[in-house]
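Trainee: After the structure tokens below, expect a handful of questions from me.
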Amino acid sequence: MFPFIVRSIIQKTITLFFISIISFSVIHLAPGEPSQINPMNPRFTPELIKRFRSQFHLDKPLYMQYLIFYKDLFSGKLCSWKDGRPVLRKIWERFLNSLPLFIVGTLLTWTLSFPIGIHSAIKRGGVFDKTATFFAYFFISIPGFFFAYVLIIFVVNTFHVPVIGMKTFGFSSDSLHMIMDRIWHMLIPSVLSATGGIAILSRYVRSQMLEVEAQDYIRTARAKGVPEDEVHYKHALRNALLPFITMFGLVIPGLIGGSVIIESIFSWPGIGRMAYEAILSRDYPVVITLNFISAVLVLIGTFISDLLYMVADPRIRL
Amino acid sequence: MELLSVRDLNVGFFIEEKFALAVRDVSFSVKKGETLCIVGESGCGKTVTSLSILRLIPPNGRIVKGNIHFKEKDLTRLSEEQMRDIRGKEISMIFQEPLTSLNPVFTIKDQIAEAIIVHENVLKQEITDRCITLLKEVGIPEPEKRLYDYPHQLSGGQRQRVMIAIALACNPSLIIADEPTTALDVTVQAQILNLFKELQERYKISLLYITHDLSVVAQIADKVCVMYSGIIVEEGSVENIFYRPAHPYTRGLLDSLPKRAHKKQKLKSIPGVVPDLLSRPKGCPFYPRCSLTKQVCIEKIPNFKELEDGHRVRCHILG
Ligand SMILES: Nc1ncnc2c1ncn2[C@@H]1O[C@H](COP(=O)(O)OP(=O)(O)OP(=O)(O)O)[C@@H](O)[C@H]1O
Ligand SMILES: [Mg+2]
């Protein structure tokens with residue numbers, strides 16, 4: 001176990017180094033740069049552009065820019081080109097805004113998909129399975145933004161609560177009402193982001209469970225006289241869950257992903273929208289930093305799922 | 001006194017909206033301490049027959065007719081719960097594929113112990129002891145260590161031994177072994193076969209042994225049923241089948257045995273293949289491959305003819 005951890009950390013650090021180079025150069029290979037954001041603007045005199053370029057080190061060779069960039073990033077000095085605020089601080093604020101959506105959405109997805117998928121598989125072809133299948137395909141095929149508007153109209157009309165933004169503007173009351181207000185605002189976007197996830201994940205769980213239920217060792221368990229519930233929940237489930245360890249590891253990068261569509265619809269000042277806006281305004285420091293952090297999170301996610309595999313699957317000894 | 005007696009068993013499957021019989025009018029019986037072999041080519045319905053006894057056929061299958069009497073109970077009429085008390089306790093089953101028959105995420109001990117725990121109230125320490133004894137019994141070296149291994153750490157032969165240990169765990173009166181050595185290499189096959197013989201002698205367990213290999217039959221069987229395309233075409237004692245085979249299919253099988261063929265002479269084989277479930281002929285299922293076919297063979301399935309005591313054959317022409 002210990003050598004595996006050391007080896008894995010070394011490997012992942014090397015990978016991260018190459019990712020840092022690639023994500024940095026990809027951005028710079030793309031046409032356009034911040035100094036050219038609006039060349040038609042008469043106020044953009046050549047002198048101004050030149051000053052701009054040297055201020056952001058754009059006149060230096062690319063490898064120098066790379067070194068300066070990551071030096072600033074790790075010393076915390078990196079600032080946004082747009083508003084001059086420290087990048088890490090900006091990201092942290094937005095991250096805190098997105099976090100509740102992410103947590104509620106992920107919890108809903110993972111706690112509902114498994115019971116639905118497992119039950120569908122065990123009672124294959126039954127009423128529950130058919131209903132679940134119908135809704136799964138319904139939610140997979142309906143566009144998210146459309147469903148969002150339907151939900152907003154429904155909630156506003158029936159419950160008469162505003163659902164846009166993180167809280168009701170200008171609303172102040174005792175703390176209990178504040179909390180309720182926050183929860184109301186959070187509920188719809190997170191339910192919305194969960195429905196698509198539940199639809200897809202429950203299908204995966206179902207098909208995985210069906211595949212395992214057809215294995216020879218399930219027949220062996222029945223031939224031993226093991227009760228049906230134990231056949232499903234002990235023998236089949238333990239095996240069916242294994243592939244989801246990989247998926248679980250990939251949830252972690254979602255921490256910094258955020259959803260552009262949902263955050264835009266609900267005017268939610270989250271991290272997804274910040275990334276989107278940063279790309280549009282060619283705010284390189286923000287874009288590359290987000291990119292780098294999500295690479296780190298992916299590597300951490302795979303590391304965790306490797307560790308979980310070692311615990312859960314006796315065939316894997318790394 | 002018959003321990004297991006199967007009468008007119010008919011088992012079919014729903015395949016693409018159609019229903020087709022995979023096992024037709026199969027009858028046989030096994031006495032206490034006796035070994036009955038069911039022989040036949042791949043796809044003739046051996047596995048379906050054996051799974052029917054424990055009522056473990058796949059969900060698209062149905063037992064449409066017949067009785068399965070076991071110790072004065074008709075297994076076709078028991079509730080699912082009553083069936084569970086029989087599975088693994090009174091009747092155990094060993095399967096064809098040792099590599100996939102054990103659950104990969106549980107230790108050997110877990111899987112043997114489970115067979116005991118579901119049927120008996122036993123103390124923890126006692127379970128470990130019993131698992132060790134069982135592993136010794138089936139010839140696994142260093143059982144104390146092997147106990148905590150996972151299936152992937154064992155060879156195919158050892159896994160089949162573990163399956164046998166599981167089958168023996170509650171001292172069943174009948175073991176159904178569905179081609180237990182087919183997936184193993186020849187030397188291991190012989191070892192496992194010897195193990196079966198030893199255990200049977202020691203515990204007087206009845207054995208329903210399924211195989212497609214007549215040389216295995218010669219070593220282990222008391223009685224033999226020869227199956228073809230879902231029906232039993234001939235049944236009798238080992239001597240009947242080997243020295244006085246009556247059905248053309250049985251004769252064909254014996255002629256294709258390497259021992260019988262003379263040196264240098266090419267091994268004979270029966271031309272043709274076993275017909276598919278949905279396209280089985282109306283008459284005797286063997287007629288398309290038979291050299292003696294007459295009009296009557298094409299028209300109807302022959303009934304059994306009694307040749308000698310216990311030796312019966314389903315053939316219009318011979319017997
Ligand atoms: N679940 C099922 N659905 C449809 N047909 C089936 C099913 N299970 C078995 N069959 C069919 O029933 C017939 C008998 O199959 P069975 O498995 O009993 O053969 P077998 O004699 O055990 O052959 P083998 O030596 O290959 O194990 C085959 O034609 C097979 O295709
Ligand atoms: Mg078979």
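Identifiers for the structure tokens are assigned positionally: chains receive A, B, ... in sequence, residues are indexed from 1 per chain, and ligands are indexed from 1 in the order shown.
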Can you tell me which residues sit at most 8 Å away from ligand 2, counting only C-alpha atoms and all ligand atoms, written as a list in words?
Mentor: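 Checked against 8 Å with only C-alpha atoms and all ligand atoms; the hits are Ser42, Gly43, Gly45, Lys46, Thr47, Val48, Gln96, Asp178 and Glu179 of chain B.
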Trainee: Any idea which chain A residues end up within 7 Å of chain B if we count only C-alpha atoms, as a VMD selection string please?
Mentor: chain A and resid 216 to 217 220 223 to 226 313 to 315
Trainee: How would you write, as an MDAnalysis selection string, the set of residues no farther than 10 Å from ligand 1 when counting only C-alpha atoms and all ligand atoms?
Mentor: chainID B and resid 11:16 19:23 38:52 57:62 95:97 178:179 182 210:213 227:230 274:278 280
Trainee: Can you tell me which residues surround Phe114 (chain A) at a distance of at most 8 Å, considering only C-alpha atoms, apart from same-chain residues fewer than 2 positions away, and format the answer as number ranges by chain?
Mentor: A: 110-112, 116-118, 201-202, 205
Trainee: Skipping near chain neighbours, those fewer than 4 positions away, what residues fall within 9 Å of Ile241 (chain B) using only C-alpha atoms, listed as a VMD selection string?
Mentor: chain B and resid 223 to 226 234 to 237 245 to 246 250 to 251 311
Trainee: Which residues are close to Pro288 (chain B), i.e. within 10 Å by only C-alpha atoms, leaving aside same-chain residues fewer than 2 positions away? Reply as JSON, numbers by chain.
Mentor: {"B": [271, 272, 273, 274, 275, 281, 283, 284, 285, 286, 290, 291, 292, 293, 297, 298]}
Trainee: Looking only at the backbone, which of the residues in region 132-227 of chain A does DSSP tag as alpha helix (DSSP H), as a ChimeraX atom specification?
Mentor: /A:132-141,144-159,175-213,216-223
Trainee: One number please: CA of Arg206 (chain A) to CA of Ala121 (chain A), in Å, one decimal.
Mentor: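 Value for the CA of Arg206 (chain A)-CA of Ala121 (chain A) distance: 5.1 Å.
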Trainee: Kindly give the distance, in Å, that separates CA of Asp83 (chain A) and CA of Tyr276 (chain A), rounded to a single decimal.
Mentor: 15.7 Å
Trainee: One number please: CA of Ile188 (chain A) to CA of Thr109 (chain A), in Å, one decimal.
Mentor: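 Rounded to one decimal, the two atoms are 13.9 Å apart.
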Trainee: With distances taken over only C-alpha atoms, which of A:Gln215, A:Asn97, A:Ser113, A:Ser20 is nearest to Gly272 (chain A)?
Mentor: A:Asn97
Trainee: Nearest residue to Gly156 (chain B) out of B:Asp185, B:Asp110, B:Glu308, B:Glu72, using only C-alpha atoms?
Mentor: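 Residue with the minimum atom-to-atom distance to Gly156 (chain B): B:Asp185.
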Trainee: Out of A:Leu241, A:Leu96, A:Leu107, A:Ala236, which residue has the shortest atom-to-atom distance to Ala221 (chain A) when counting only C-alpha atoms?
Mentor: A:Ala236
